[in-house]
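Single-structure report; data block below.
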Amino acid sequence: QVQLVESGGGLVQPGGSLRLSCAASGFSFSTQTINWVRQAPGKGPEWVSTISWVGDRTTYADSVKGRFTISRDNVKRTAFLQMNSLKSEDTALYYCDTVFRGVRLRGQGTQVTVSS
């Protein structure tokens with residue numbers, strides 16, 4: 001089954017950290033660019049970060065640059081998003097996605113809530 005499954009979300013205080021994971025199955029993960037996207041309540045999707053299939057190129061939205069780090073382990077077929085110095089405005093449903101054979105694949109997401 002072709003799928004992406006996110007995990008690692010939760011409730012964290014401002015200034016805290018979380019590490020999200022995106023586990024892939026059913027397709028050639030190691031040849032796919034992976035994106036992290038988030039959607040806050042009442043807002044549209046916001047691109048967060050992208051990593052190339054080799055992992056040598058990463059890009060970030062200005063809102064998370066310097067605080068978030070994207071990475072991947074192609075052997076484990078998993079991508080990660082390390083989130084540090086979290087802010088209340090980072091509260092959102094986070095999901096990973098990719099385009100495989102012209103079809104956008106997206107997981108169900110993992111909720112991140114930043115609150116004291």
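Chain identifiers are assigned as A, B, and so on, following the order in which chains appear in the structure tokens; residues are numbered from 1 within each chain, and ligands are numbered from 1 in order of appearance.
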
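Residues lying within 10 Å of Asn35 of chain A, counting only C-alpha atoms and ignoring same-chain neighbours fewer than 4 positions away, are A:Cys22, A:Trp47, A:Val48, A:Ser49, A:Thr50, A:Ile51, A:Ser52, A:Thr58, A:Thr59, A:Tyr60, A:Ile70, A:Ala79, A:Leu81, A:Tyr95, A:Cys96, A:Asp97, A:Thr98, A:Val99, A:Arg106.
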
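Non-sequential neighbours of Tyr94 of chain A (distance at most 8 Å, separation of 5 or more positions within a chain, only C-alpha atoms) are A:Trp36, A:Val37, A:Arg38, A:Gln39, A:Gly109, A:Thr110, A:Gln111, A:Val112.
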
Measure the distance from atom CA of Glu6 of chain A to atom CA of Ala61 of chain A in Å and round it to one decimal.
19.8 Å

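Across the structure, atom CA of Phe29 of chain A and atom CA of Gln3 of chain A are spaced 10.3 Å apart.
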
Excluding same-chain residues fewer than 3 positions from Asp90 of chain A, what lies within 10 Å of it counting only C-alpha atoms, as JSON, numbers by chain?
{"A": [14, 38, 39, 40, 63, 64, 83, 85, 86, 87, 93, 94, 112, 113, 114, 115]}
